[in-house]
>>> print(open('input39.cif').read())   # mmCIF, C-alpha atoms and all ligand atoms
data_run
loop_
_atom_site.group_PDB
_atom_site.id
_atom_site.type_symbol
_atom_site.label_atom_id
_atom_site.label_comp_id
_atom_site.auth_asym_id
_atom_site.auth_seq_id
_atom_site.Cartn_x
_atom_site.Cartn_y
_atom_site.Cartn_z
ATOM 1 C CA MET A 308 41.045 -4.241 -5.912
ATOM 2 C CA ASN A 309 40.791 -5.744 -9.402
ATOM 3 C CA PHE A 310 37.418 -7.134 -10.394
ATOM 4 C CA LEU A 311 37.656 -9.229 -13.528
ATOM 5 C CA GLU A 312 34.577 -11.293 -14.163
ATOM 6 C CA ASN A 313 31.195 -9.775 -14.991
ATOM 7 C CA ILE A 314 28.205 -10.974 -13.002
ATOM 8 C CA ILE A 315 25.648 -8.680 -14.678
ATOM 9 C CA SER A 316 25.928 -7.109 -18.135
ATOM 10 C CA LEU A 317 23.497 -4.722 -19.759
ATOM 11 C CA ASN A 318 24.019 -4.107 -23.456
ATOM 12 C CA ASN A 319 22.139 -1.234 -25.118
ATOM 13 C CA VAL A 320 19.113 -1.834 -22.932
ATOM 14 C CA THR A 321 15.873 0.050 -23.459
ATOM 15 C CA PHE A 322 12.874 -0.323 -21.150
ATOM 16 C CA GLU A 323 9.470 1.304 -21.282
ATOM 17 C CA TYR A 324 6.250 1.211 -19.291
ATOM 18 C CA LEU A 325 2.905 1.074 -20.987
ATOM 19 C CA SER A 326 0.423 3.454 -19.445
ATOM 20 C CA GLU A 327 -2.983 4.063 -21.053
ATOM 21 C CA ASP A 328 -2.232 3.568 -24.754
ATOM 22 C CA GLU A 329 1.140 5.329 -24.650
ATOM 23 C CA SER A 330 4.540 3.918 -23.820
ATOM 24 C CA VAL A 331 6.955 5.840 -21.634
ATOM 25 C CA SER A 332 10.627 5.182 -22.169
ATOM 26 C CA VAL A 333 12.433 4.974 -18.808
ATOM 27 C CA ILE A 334 15.786 3.321 -19.593
ATOM 28 C CA ASN A 335 17.453 4.474 -22.780
ATOM 29 C CA ASP A 336 20.193 2.590 -24.627
ATOM 30 C CA PHE A 337 21.857 1.690 -21.334
ATOM 31 C CA SER A 338 25.038 -0.384 -21.070
ATOM 32 C CA LEU A 339 26.748 -1.462 -17.863
ATOM 33 C CA ASP A 340 28.999 -4.239 -16.564
ATOM 34 C CA VAL A 341 28.854 -5.171 -12.892
ATOM 35 C CA LYS A 342 31.906 -7.121 -11.753
ATOM 36 C CA LYS A 343 31.836 -10.101 -9.400
ATOM 37 C CA GLY A 344 32.638 -8.990 -5.860
ATOM 38 C CA GLU A 345 32.341 -5.255 -6.385
ATOM 39 C CA PHE A 346 30.244 -2.800 -4.381
ATOM 40 C CA LEU A 347 28.412 -0.536 -6.798
ATOM 41 C CA ALA A 348 26.290 2.372 -5.565
ATOM 42 C CA ILE A 349 23.640 3.871 -7.848
ATOM 43 C CA LEU A 350 22.486 7.466 -7.421
ATOM 44 C CA GLY A 351 19.850 9.512 -9.218
ATOM 45 C CA HIS A 352 16.983 11.789 -8.206
ATOM 46 C CA ASN A 353 13.400 10.498 -7.922
ATOM 47 C CA GLY A 354 12.052 9.171 -11.184
ATOM 48 C CA SER A 355 15.462 8.843 -12.857
ATOM 49 C CA GLY A 356 14.934 5.093 -13.383
ATOM 50 C CA LYS A 357 16.896 3.503 -10.514
ATOM 51 C CA SER A 358 14.203 1.049 -9.384
ATOM 52 C CA THR A 359 13.415 0.140 -12.967
ATOM 53 C CA LEU A 360 17.101 -0.586 -13.500
ATOM 54 C CA ALA A 361 17.264 -2.645 -10.275
ATOM 55 C CA LYS A 362 14.463 -4.866 -11.548
ATOM 56 C CA LEU A 363 16.259 -5.337 -14.863
ATOM 57 C CA PHE A 364 19.223 -6.769 -12.937
ATOM 58 C CA ASN A 365 17.363 -9.937 -11.930
ATOM 59 C CA GLY A 366 14.805 -10.316 -14.683
ATOM 60 C CA LEU A 367 11.825 -8.838 -12.809
ATOM 61 C CA ASN A 368 11.806 -6.335 -15.704
ATOM 62 C CA LYS A 369 12.648 -7.631 -19.174
ATOM 63 C CA PRO A 370 14.282 -5.220 -21.643
ATOM 64 C CA LYS A 371 12.302 -4.003 -24.636
ATOM 65 C CA SER A 372 15.491 -4.083 -26.662
ATOM 66 C CA GLY A 373 19.112 -4.911 -25.907
ATOM 67 C CA THR A 374 20.200 -7.717 -23.571
ATOM 68 C CA VAL A 375 20.687 -8.276 -19.850
ATOM 69 C CA THR A 376 22.796 -11.257 -18.852
ATOM 70 C CA VAL A 377 23.351 -12.612 -15.338
ATOM 71 C CA ASP A 378 26.306 -14.957 -15.023
ATOM 72 C CA GLY A 379 26.075 -15.400 -18.794
ATOM 73 C CA MET A 380 22.323 -16.200 -18.748
ATOM 74 C CA ASP A 381 19.945 -14.019 -20.759
ATOM 75 C CA THR A 382 17.136 -12.653 -18.553
ATOM 76 C CA ALA A 383 14.802 -12.564 -21.566
ATOM 77 C CA ASP A 384 14.799 -16.367 -21.665
ATOM 78 C CA GLU A 385 12.155 -17.551 -19.178
ATOM 79 C CA LYS A 386 13.843 -20.873 -18.596
ATOM 80 C CA ASN A 387 16.661 -18.972 -16.845
ATOM 81 C CA ASP A 388 14.268 -17.234 -14.403
ATOM 82 C CA ILE A 389 14.815 -19.492 -11.379
ATOM 83 C CA GLU A 390 18.607 -19.699 -11.747
ATOM 84 C CA ILE A 391 18.831 -15.918 -12.173
ATOM 85 C CA LYS A 392 16.664 -15.222 -9.130
ATOM 86 C CA LYS A 393 18.846 -17.577 -7.061
ATOM 87 C CA ARG A 394 21.955 -15.667 -8.106
ATOM 88 C CA VAL A 395 20.621 -12.113 -7.727
ATOM 89 C CA GLY A 396 18.571 -11.406 -4.596
ATOM 90 C CA MET A 397 16.658 -8.196 -3.982
ATOM 91 C CA ILE A 398 15.961 -6.098 -0.907
ATOM 92 C CA PHE A 399 13.395 -3.302 -1.039
ATOM 93 C CA GLN A 400 12.785 -0.119 0.913
ATOM 94 C CA ASN A 401 9.989 -1.134 3.252
ATOM 95 C CA PRO A 402 11.067 -3.847 5.699
ATOM 96 C CA ASP A 403 7.456 -4.628 6.673
ATOM 97 C CA ASN A 404 6.533 -5.607 3.125
ATOM 98 C CA GLN A 405 9.236 -8.259 3.124
ATOM 99 C CA ILE A 406 8.077 -10.201 6.169
ATOM 100 C CA VAL A 407 6.387 -13.468 5.238
ATOM 101 C CA ALA A 408 6.353 -15.521 8.472
ATOM 102 C CA THR A 409 5.640 -15.029 12.173
ATOM 103 C CA VAL A 410 9.026 -16.314 13.416
ATOM 104 C CA VAL A 411 12.385 -14.978 12.241
ATOM 105 C CA GLU A 412 13.931 -18.340 11.279
ATOM 106 C CA GLU A 413 10.815 -19.385 9.346
ATOM 107 C CA ASP A 414 10.930 -16.074 7.541
ATOM 108 C CA VAL A 415 14.530 -16.703 6.498
ATOM 109 C CA ALA A 416 13.718 -20.276 5.418
ATOM 110 C CA PHE A 417 10.730 -19.240 3.297
ATOM 111 C CA GLY A 418 12.556 -18.907 -0.037
ATOM 112 C CA LEU A 419 14.298 -22.239 0.472
ATOM 113 C CA GLU A 420 11.002 -24.042 1.102
ATOM 114 C CA ASN A 421 9.884 -22.925 -2.332
ATOM 115 C CA LEU A 422 13.014 -24.494 -3.823
ATOM 116 C CA SER A 423 12.418 -27.768 -1.936
ATOM 117 C CA VAL A 424 15.819 -27.746 -0.254
ATOM 118 C CA GLU A 425 16.348 -30.661 2.181
ATOM 119 C CA PRO A 426 15.477 -29.816 5.832
ATOM 120 C CA SER A 427 19.009 -30.452 7.178
ATOM 121 C CA VAL A 428 20.580 -28.259 4.479
ATOM 122 C CA MET A 429 17.889 -25.665 5.092
ATOM 123 C CA ARG A 430 18.650 -25.504 8.824
ATOM 124 C CA LYS A 431 22.363 -25.007 8.139
ATOM 125 C CA ARG A 432 21.735 -22.284 5.577
ATOM 126 C CA VAL A 433 19.288 -20.427 7.831
ATOM 127 C CA GLU A 434 21.746 -20.546 10.744
ATOM 128 C CA SER A 435 24.632 -19.345 8.625
ATOM 129 C CA ALA A 436 22.532 -16.556 7.051
ATOM 130 C CA LEU A 437 21.246 -15.292 10.402
ATOM 131 C CA LYS A 438 24.765 -15.368 11.867
ATOM 132 C CA SER A 439 26.091 -13.410 8.867
ATOM 133 C CA VAL A 440 23.708 -10.534 9.598
ATOM 134 C CA ASP A 441 24.194 -10.832 13.365
ATOM 135 C CA MET A 442 20.556 -11.811 14.005
ATOM 136 C CA TRP A 443 20.985 -15.438 15.161
ATOM 137 C CA ASP A 444 20.024 -14.545 18.747
ATOM 138 C CA TYR A 445 16.660 -13.334 17.438
ATOM 139 C CA ARG A 446 15.799 -16.531 15.531
ATOM 140 C CA GLY A 447 12.793 -17.300 17.735
ATOM 141 C CA TYR A 448 11.401 -13.746 17.748
ATOM 142 C CA SER A 449 8.424 -12.440 15.854
ATOM 143 C CA PRO A 450 9.791 -10.259 13.024
ATOM 144 C CA TYR A 451 7.082 -7.722 13.839
ATOM 145 C CA LYS A 452 8.723 -7.048 17.220
ATOM 146 C CA LEU A 453 12.063 -6.063 15.642
ATOM 147 C CA SER A 454 13.326 -2.584 14.777
ATOM 148 C CA GLY A 455 13.369 -1.479 11.116
ATOM 149 C CA GLY A 456 17.099 -2.118 10.827
ATOM 150 C CA GLN A 457 16.755 -5.589 12.354
ATOM 151 C CA LYS A 458 13.890 -6.400 9.978
ATOM 152 C CA GLN A 459 16.039 -5.377 7.011
ATOM 153 C CA ARG A 460 18.846 -7.599 8.263
ATOM 154 C CA VAL A 461 16.412 -10.517 8.536
ATOM 155 C CA ALA A 462 15.289 -9.785 4.956
ATOM 156 C CA ILE A 463 18.970 -9.823 3.899
ATOM 157 C CA ALA A 464 19.360 -13.191 5.688
ATOM 158 C CA GLY A 465 16.406 -14.516 3.673
ATOM 159 C CA VAL A 466 18.238 -13.568 0.480
ATOM 160 C CA LEU A 467 21.561 -14.918 1.806
ATOM 161 C CA ALA A 468 20.011 -18.315 2.526
ATOM 162 C CA MET A 469 19.574 -18.682 -1.248
ATOM 163 C CA GLU A 470 23.384 -18.327 -1.537
ATOM 164 C CA PRO A 471 23.290 -15.466 -4.057
ATOM 165 C CA VAL A 472 26.274 -14.101 -5.966
ATOM 166 C CA CYS A 473 24.795 -10.616 -5.943
ATOM 167 C CA ILE A 474 22.374 -8.643 -3.780
ATOM 168 C CA VAL A 475 20.558 -5.601 -5.174
ATOM 169 C CA LEU A 476 19.296 -3.258 -2.450
ATOM 170 C CA ASP A 477 16.813 -0.578 -3.498
ATOM 171 C CA GLU A 478 17.004 2.221 -0.895
ATOM 172 C CA PRO A 479 17.123 -0.306 1.975
ATOM 173 C CA THR A 480 17.867 2.341 4.600
ATOM 174 C CA ALA A 481 15.358 5.016 3.531
ATOM 175 C CA MET A 482 12.895 4.139 6.309
ATOM 176 C CA LEU A 483 15.432 3.444 9.059
ATOM 177 C CA ASP A 484 16.783 5.459 11.975
ATOM 178 C CA PRO A 485 20.527 6.321 11.988
ATOM 179 C CA LYS A 486 21.461 3.234 14.052
ATOM 180 C CA GLY A 487 19.440 0.907 11.786
ATOM 181 C CA ARG A 488 21.016 2.522 8.722
ATOM 182 C CA LYS A 489 24.502 2.040 10.058
ATOM 183 C CA ASP A 490 23.870 -1.608 10.987
ATOM 184 C CA VAL A 491 22.432 -2.437 7.565
ATOM 185 C CA ILE A 492 25.276 -0.710 5.709
ATOM 186 C CA ASN A 493 27.914 -2.404 7.880
ATOM 187 C CA THR A 494 26.241 -5.763 7.200
ATOM 188 C CA VAL A 495 26.266 -5.119 3.468
ATOM 189 C CA LEU A 496 29.912 -4.010 3.532
ATOM 190 C CA ASP A 497 30.872 -7.129 5.471
ATOM 191 C CA LEU A 498 29.074 -9.416 2.981
ATOM 192 C CA CYS A 499 30.921 -7.753 0.123
ATOM 193 C CA LYS A 500 34.417 -7.549 1.608
ATOM 194 C CA ASN A 501 34.467 -10.815 3.594
ATOM 195 C CA LYS A 502 32.103 -13.091 1.659
ATOM 196 C CA GLY A 503 32.764 -11.782 -1.850
ATOM 197 C CA ILE A 504 29.090 -11.053 -2.543
ATOM 198 C CA THR A 505 28.508 -8.416 -5.226
ATOM 199 C CA ILE A 506 26.491 -5.512 -3.826
ATOM 200 C CA ILE A 507 24.418 -3.076 -5.861
ATOM 201 C CA LEU A 508 23.109 -0.378 -3.533
ATOM 202 C CA ILE A 509 20.606 2.202 -4.678
ATOM 203 C CA THR A 510 20.630 5.019 -2.174
ATOM 204 C CA HIS A 511 19.927 8.695 -1.710
ATOM 205 C CA PHE A 512 22.376 8.933 1.179
ATOM 206 C CA MET A 513 25.596 10.250 -0.325
ATOM 207 C CA GLU A 514 27.645 9.126 2.678
ATOM 208 C CA GLU A 515 26.602 5.511 1.936
ATOM 209 C CA ALA A 516 27.763 5.867 -1.658
ATOM 210 C CA THR A 517 31.226 6.997 -0.494
ATOM 211 C CA LEU A 518 31.748 3.460 0.874
ATOM 212 C CA ALA A 519 31.288 1.816 -2.533
ATOM 213 C CA ASP A 520 34.034 0.725 -4.946
ATOM 214 C CA ARG A 521 32.210 2.487 -7.762
ATOM 215 C CA VAL A 522 29.393 5.003 -8.055
ATOM 216 C CA LEU A 523 27.040 5.185 -11.012
ATOM 217 C CA VAL A 524 24.914 8.305 -11.407
ATOM 218 C CA ILE A 525 21.883 8.174 -13.668
ATOM 219 C CA ASP A 526 19.441 10.788 -14.917
ATOM 220 C CA LYS A 527 16.457 10.242 -17.227
ATOM 221 C CA GLY A 528 17.444 6.606 -17.679
ATOM 222 C CA LYS A 529 20.954 7.402 -18.854
ATOM 223 C CA GLU A 530 24.396 7.246 -17.270
ATOM 224 C CA VAL A 531 25.702 10.659 -16.201
ATOM 225 C CA LEU A 532 28.784 9.688 -14.175
ATOM 226 C CA ASN A 533 30.491 6.376 -13.462
ATOM 227 C CA GLY A 534 33.682 6.095 -11.418
ATOM 228 C CA THR A 535 35.211 5.810 -7.970
ATOM 229 C CA PRO A 536 33.436 7.800 -5.231
ATOM 230 C CA GLU A 537 36.325 10.303 -5.304
ATOM 231 C CA GLU A 538 35.978 10.803 -9.070
ATOM 232 C CA VAL A 539 32.194 11.087 -9.040
ATOM 233 C CA PHE A 540 31.899 13.395 -6.034
ATOM 234 C CA SER A 541 34.554 15.734 -7.403
ATOM 235 C CA LYS A 542 31.975 16.644 -10.104
ATOM 236 C CA VAL A 543 29.943 18.772 -7.699
ATOM 237 C CA GLU A 544 28.464 21.061 -10.382
ATOM 238 C CA THR A 545 27.249 18.138 -12.523
ATOM 239 C CA LEU A 546 25.633 16.484 -9.507
ATOM 240 C CA LYS A 547 23.943 19.668 -8.308
ATOM 241 C CA LYS A 548 22.646 20.355 -11.813
ATOM 242 C CA ILE A 549 20.690 17.073 -11.767
ATOM 243 C CA GLY A 550 19.368 17.725 -8.273
ATOM 244 C CA LEU A 551 21.782 15.578 -6.260
ATOM 245 C CA ASP A 552 23.722 16.418 -3.138
ATOM 246 C CA VAL A 553 27.320 15.572 -2.388
ATOM 247 C CA PRO A 554 28.736 14.280 0.925
ATOM 248 C CA GLN A 555 28.939 17.020 3.568
ATOM 249 C CA ALA A 556 32.738 16.878 3.624
ATOM 250 C CA THR A 557 32.829 17.455 -0.150
ATOM 251 C CA ASP A 558 30.364 20.337 0.124
ATOM 252 C CA VAL A 559 32.392 22.184 2.777
ATOM 253 C CA ILE A 560 35.502 22.168 0.562
ATOM 254 C CA TYR A 561 33.427 23.073 -2.496
ATOM 255 C CA GLU A 562 31.905 26.127 -0.777
ATOM 256 C CA ILE A 563 35.326 27.353 0.401
ATOM 257 C CA ASN A 564 36.756 26.904 -3.102
ATOM 258 C CA LYS A 565 33.903 28.988 -4.499
ATOM 259 C CA CYS A 566 35.506 31.916 -2.645
ATOM 260 C CA GLY A 567 38.609 31.556 -4.774
ATOM 261 C CA TYR A 568 40.602 28.942 -2.861
ATOM 262 C CA ASN A 569 41.989 25.703 -4.224
ATOM 263 C CA LEU A 570 41.560 23.045 -1.520
ATOM 264 C CA LYS A 571 41.685 19.375 -2.502
ATOM 265 C CA SER A 572 38.258 17.784 -3.003
ATOM 266 C CA THR A 573 37.471 15.030 -0.494
ATOM 267 C CA ILE A 574 34.671 12.596 0.365
ATOM 268 C CA THR A 575 35.627 11.889 3.969
ATOM 269 C CA VAL A 576 35.341 13.867 7.190
ATOM 270 C CA ASP A 577 39.009 13.097 7.963
ATOM 271 C CA GLY A 578 40.058 14.391 4.528
ATOM 272 C CA CYS A 579 38.022 17.531 5.090
ATOM 273 C CA VAL A 580 39.553 18.145 8.532
ATOM 274 C CA GLU A 581 43.044 17.689 7.079
ATOM 275 C CA GLU A 582 42.381 20.170 4.251
ATOM 276 C CA LEU A 583 40.830 22.680 6.664
ATOM 277 C CA ALA A 584 43.807 22.420 9.038
ATOM 278 C CA LYS A 585 46.205 23.146 6.155
ATOM 279 C CA PHE A 586 43.953 25.965 4.988
ATOM 280 C CA LEU A 587 43.843 27.579 8.439
ATOM 281 C CA GLU A 588 47.617 27.356 8.780
ATOM 282 C CA ASP A 589 47.990 29.271 5.516
ATOM 283 C CA VAL A 590 45.519 32.111 6.207
HETATM 284 P P1 LIG B 1 13.508 5.970 -9.348
HETATM 285 O O1 LIG B 1 13.684 4.629 -8.718
HETATM 286 O O2 LIG B 1 14.797 6.580 -9.797
HETATM 287 O O3 LIG B 1 12.698 6.920 -8.499
HETATM 288 P P2 LIG B 1 11.687 4.610 -11.141
HETATM 289 O O4 LIG B 1 12.443 3.556 -11.851
HETATM 290 O O5 LIG B 1 10.829 4.183 -9.988
HETATM 291 O O6 LIG B 1 12.676 5.776 -10.706
HETATM 292 O O7 LIG B 1 10.744 5.366 -12.157
HETATM 293 C C1 LIG B 1 11.228 5.921 -13.384
HETATM 294 C C2 LIG B 1 10.035 6.473 -14.174
HETATM 295 O O8 LIG B 1 9.173 5.409 -14.531
HETATM 296 C C3 LIG B 1 9.184 7.470 -13.377
HETATM 297 O O9 LIG B 1 8.785 8.489 -14.257
HETATM 298 C C4 LIG B 1 7.995 6.649 -12.935
HETATM 299 O O10 LIG B 1 6.851 7.447 -12.820
HETATM 300 C C5 LIG B 1 7.859 5.638 -14.067
HETATM 301 N N1 LIG B 1 7.309 4.352 -13.589
HETATM 302 C C6 LIG B 1 7.824 3.584 -12.608
HETATM 303 N N2 LIG B 1 7.103 2.458 -12.443
HETATM 304 C C7 LIG B 1 6.092 2.530 -13.343
HETATM 305 C C8 LIG B 1 5.005 1.667 -13.686
HETATM 306 N N3 LIG B 1 4.837 0.499 -13.053
HETATM 307 N N4 LIG B 1 4.166 2.061 -14.668
HETATM 308 C C9 LIG B 1 4.349 3.233 -15.326
HETATM 309 N N5 LIG B 1 5.368 4.086 -15.074
HETATM 310 C C10 LIG B 1 6.225 3.750 -14.100
#
>>> encode(input="input39.cif", output="structure tokens")
Amino acid sequence: MNFLENIISLNNVTFEYLSEDESVSVINDFSLDVKKGEFLAILGHNGSGKSTLAKLFNGLNKPKSGTVTVDGMDTADEKNDIEIKKRVGMIFQNPDNQIVATVVEEDVAFGLENLSVEPSVMRKRVESALKSVDMWDYRGYSPYKLSGGQKQRVAIAGVLAMEPVCIVLDEPTAMLDPKGRKDVINTVLDLCKNKGITIILITHFMEEATLADRVLVIDKGKEVLNGTPEEVFSKVETLKKIGLDVPQATDVIYEINKCGYNLKSTITVDGCVEELAKFLEDV
């Protein structure tokens, strides 16, 4: 697919935290364009700057130098804050921290109440958002009674109700069981492919990153790799050197090739099975 228009652009961005008298540089001269409608996965080991970067995407963090623009608006300019936060929604790791009301539909409506959206419009948006994440049947439930995956989908509905152009998800599946993880990732994929919403997914699950259009790998606040999942995961040595894994299917082929074979690198189980079948025919 061709993605033409930029929704988020970072130009030579530097960001640092101030801790006790000294400043610690976390993002270093970083440039990136995120295209409207794309699904970008971001990988990096703990402390590499992923969360800091995520918060630069919607103005929660302001760059020390360089510029971040969202839909052409500079995040450094405070008068753009509300418009930027409407366009770029954020989902965090812990679903419990994102619950703000005692009934699911009130929880989803919360952000809209702050924007004084008319009640009839609000009802329509809440219904549409809950249907999009397949949680409409739970609208009268207490969010506290839901599973982790369901809570995350309600949180996504809360962001969707604001009609964002982009959703940034910072390790949204880290605390979920396999079923919850799958449901959240399928929801996110559906929003991207069928509703055209730009998705930026920070994850440490390599299999999730294989589903993206593009994978960005960072280390010490700098880009290390940036390309399609196939391109990025073919660089097994580079990834291992910075403490990252590769998808299991990629690893199997990599280990066999270490013994002197030349099987084609793959990111999918099907691709791996195909290569192994060919390999076994030949030996
Ligand atoms: P990641 O999401 O990749 O784990 P972070 O962006 O959370 O990385 O952190 C990058 C670096 O910035 C780490 O060294 C971390 O300790 C530091 N850091 C993060 N948040 C703060 C903060 N609020 N104050 C000071 N240092 C911070």
>>> resolve_selection(input="input39.cif", expression="the PyMOL selection byres (((chain A and resi 382-392) around 10) and not hetatm)", output="number ranges by chain")
A: 363-381, 393-397, 422, 466, 469, 471-473
>>> resolve_selection(input="input39.cif", expression="the PyMOL selection byres (((chain A and resi 477) around 7) and not hetatm)", output="PyMOL selection string")
chain A and resi 358+398-400+475-476+478-479+508-510
>>> write_last_selection(input="input39.cif", atoms="C-alpha atoms", output="mmCIF file, in the frame of the given file")
data_model
loop_
_atom_site.group_PDB
_atom_site.id
_atom_site.type_symbol
_atom_site.label_atom_id
_atom_site.label_comp_id
_atom_site.auth_asym_id
_atom_site.auth_seq_id
_atom_site.Cartn_x
_atom_site.Cartn_y
_atom_site.Cartn_z
ATOM 1 C CA SER A 358 14.203 1.049 -9.384
ATOM 2 C CA ILE A 398 15.961 -6.098 -0.907
ATOM 3 C CA PHE A 399 13.395 -3.302 -1.039
ATOM 4 C CA GLN A 400 12.785 -0.119 0.913
ATOM 5 C CA VAL A 475 20.558 -5.601 -5.174
ATOM 6 C CA LEU A 476 19.296 -3.258 -2.450
ATOM 7 C CA GLU A 478 17.004 2.221 -0.895
ATOM 8 C CA PRO A 479 17.123 -0.306 1.975
ATOM 9 C CA LEU A 508 23.109 -0.378 -3.533
ATOM 10 C CA ILE A 509 20.606 2.202 -4.678
ATOM 11 C CA THR A 510 20.630 5.019 -2.174
#
>>> resolve_selection(input="input39.cif", expression="the PyMOL selection byres (((not hetatm)) within 12 of (chain B and resi 1))", output="count of residues only")
47
>>> closest_residue(input="input39.cif", among="A:Leu317, A:Thr545, A:Lys489, A:Val428", to="Ser338 of chain A", atoms="only C-alpha atoms")
A:Leu317
>>> atom_distance(input="input39.cif", atom1="atom CA of Val410 of chain A", atom2="atom CA of Ile504 of chain A")
26.2 Å
>>> residues_around(input="input39.cif", residues="Glu312 of chain A", least_positions_apart="5", cutoff="9 Å", atoms="only C-alpha atoms", output="list in words")
Val341, Lys342, Lys343 and Gly344 of chain A
>>> closest_residue(input="input39.cif", among="A:Tyr451, A:Tyr445, A:Phe586, A:Phe540", to="Asp558 of chain A", atoms="all atoms listed in the file")
A:Phe540
>>> atom_distance(input="input39.cif", atom1="atom CA of Ala348 of chain A", atom2="atom CA of Ala516 of chain A")
5.4 Å
>>> atom_distance(input="input39.cif", atom1="atom CA of Ile315 of chain A", atom2="atom CA of Glu345 of chain A")
11.2 Å
>>> closest_residue(input="input39.cif", among="A:Pro554, A:Gly503, A:Ile560, A:Pro402", to="Val491 of chain A", atoms="all atoms listed in the file")
A:Pro402
>>> residues_around(input="input39.cif", residues="Ala436 of chain A", least_positions_apart="5", cutoff="9 Å", atoms="only C-alpha atoms", output="count of residues only")
13
>>> closest_residue(input="input39.cif", among="A:Ile563, A:Asp552, A:Ser316, A:Glu514", to="Thr575 of chain A", atoms="all atoms listed in the file")
A:Glu514
>>> axis_aligned_box(input="input39.cif", around="segment 539-547 of chain A", padding_each_side="5 Å", output="lines of an AutoDock Vina configuration file")
center_x = 29.2
center_y = 16.1
center_z = -9.3
size_x = 20.6
size_y = 20.0
size_z = 16.5
>>> build_atoms(input="input39.cif", residues="segment 581-586 of chain A", atoms="all heavy atoms", output="JSON list (two decimals), in the frame of the given file")
[["chain", "number", "residue", "atom", "x", "y", "z"],
["A", 581, "GLU", "N", 41.64, 17.52, 7.48],
["A", 581, "GLU", "CA", 43.04, 17.69, 7.08],
["A", 581, "GLU", "C", 43.21, 18.92, 6.17],
["A", 581, "GLU", "O", 44.09, 19.75, 6.38],
["A", 581, "GLU", "CB", 43.47, 16.44, 6.31],
["A", 581, "GLU", "CG", 44.94, 16.11, 6.41],
["A", 581, "GLU", "CD", 45.20, 14.78, 5.73],
["A", 581, "GLU", "OE1", 44.77, 13.73, 6.28],
["A", 581, "GLU", "OE2", 45.80, 14.81, 4.65],
["A", 582, "GLU", "N", 42.32, 19.04, 5.17],
["A", 582, "GLU", "CA", 42.38, 20.17, 4.25],
["A", 582, "GLU", "C", 42.13, 21.48, 4.99],
["A", 582, "GLU", "O", 42.78, 22.48, 4.75],
["A", 582, "GLU", "CB", 41.34, 20.01, 3.13],
["A", 582, "GLU", "CG", 41.78, 19.12, 2.00],
["A", 582, "GLU", "CD", 43.06, 19.58, 1.33],
["A", 582, "GLU", "OE1", 43.07, 20.67, 0.75],
["A", 582, "GLU", "OE2", 44.07, 18.84, 1.40],
["A", 583, "LEU", "N", 41.15, 21.46, 5.92],
["A", 583, "LEU", "CA", 40.83, 22.68, 6.66],
["A", 583, "LEU", "C", 41.99, 23.10, 7.55],
["A", 583, "LEU", "O", 42.30, 24.29, 7.68],
["A", 583, "LEU", "CB", 39.58, 22.46, 7.53],
["A", 583, "LEU", "CG", 38.25, 22.42, 6.77],
["A", 583, "LEU", "CD1", 37.09, 22.18, 7.72],
["A", 583, "LEU", "CD2", 38.03, 23.71, 6.00],
["A", 584, "ALA", "N", 42.67, 22.11, 8.17],
["A", 584, "ALA", "CA", 43.81, 22.42, 9.04],
["A", 584, "ALA", "C", 44.91, 23.10, 8.23],
["A", 584, "ALA", "O", 45.47, 24.12, 8.65],
["A", 584, "ALA", "CB", 44.33, 21.14, 9.69],
["A", 585, "LYS", "N", 45.17, 22.55, 7.02],
["A", 585, "LYS", "CA", 46.20, 23.15, 6.16],
["A", 585, "LYS", "C", 45.80, 24.56, 5.76],
["A", 585, "LYS", "O", 46.59, 25.49, 5.77],
["A", 585, "LYS", "CB", 46.38, 22.29, 4.88],
["A", 585, "LYS", "CG", 47.33, 21.13, 5.07],
["A", 585, "LYS", "CD", 47.75, 20.57, 3.72],
["A", 585, "LYS", "CE", 47.05, 19.25, 3.48],
["A", 585, "LYS", "NZ", 47.04, 18.80, 2.12],
["A", 586, "PHE", "N", 44.51, 24.69, 5.43],
["A", 586, "PHE", "CA", 43.95, 25.96, 4.99],
["A", 586, "PHE", "C", 44.11, 27.02, 6.10],
["A", 586, "PHE", "O", 44.57, 28.13, 5.86],
["A", 586, "PHE", "CB", 42.48, 25.73, 4.64],
["A", 586, "PHE", "CG", 41.69, 26.98, 4.35],
["A", 586, "PHE", "CD1", 41.95, 27.76, 3.25],
["A", 586, "PHE", "CD2", 40.64, 27.35, 5.20],
["A", 586, "PHE", "CE1", 41.20, 28.88, 2.97],
["A", 586, "PHE", "CE2", 39.88, 28.47, 4.94],
["A", 586, "PHE", "CZ", 40.17, 29.25, 3.81]]
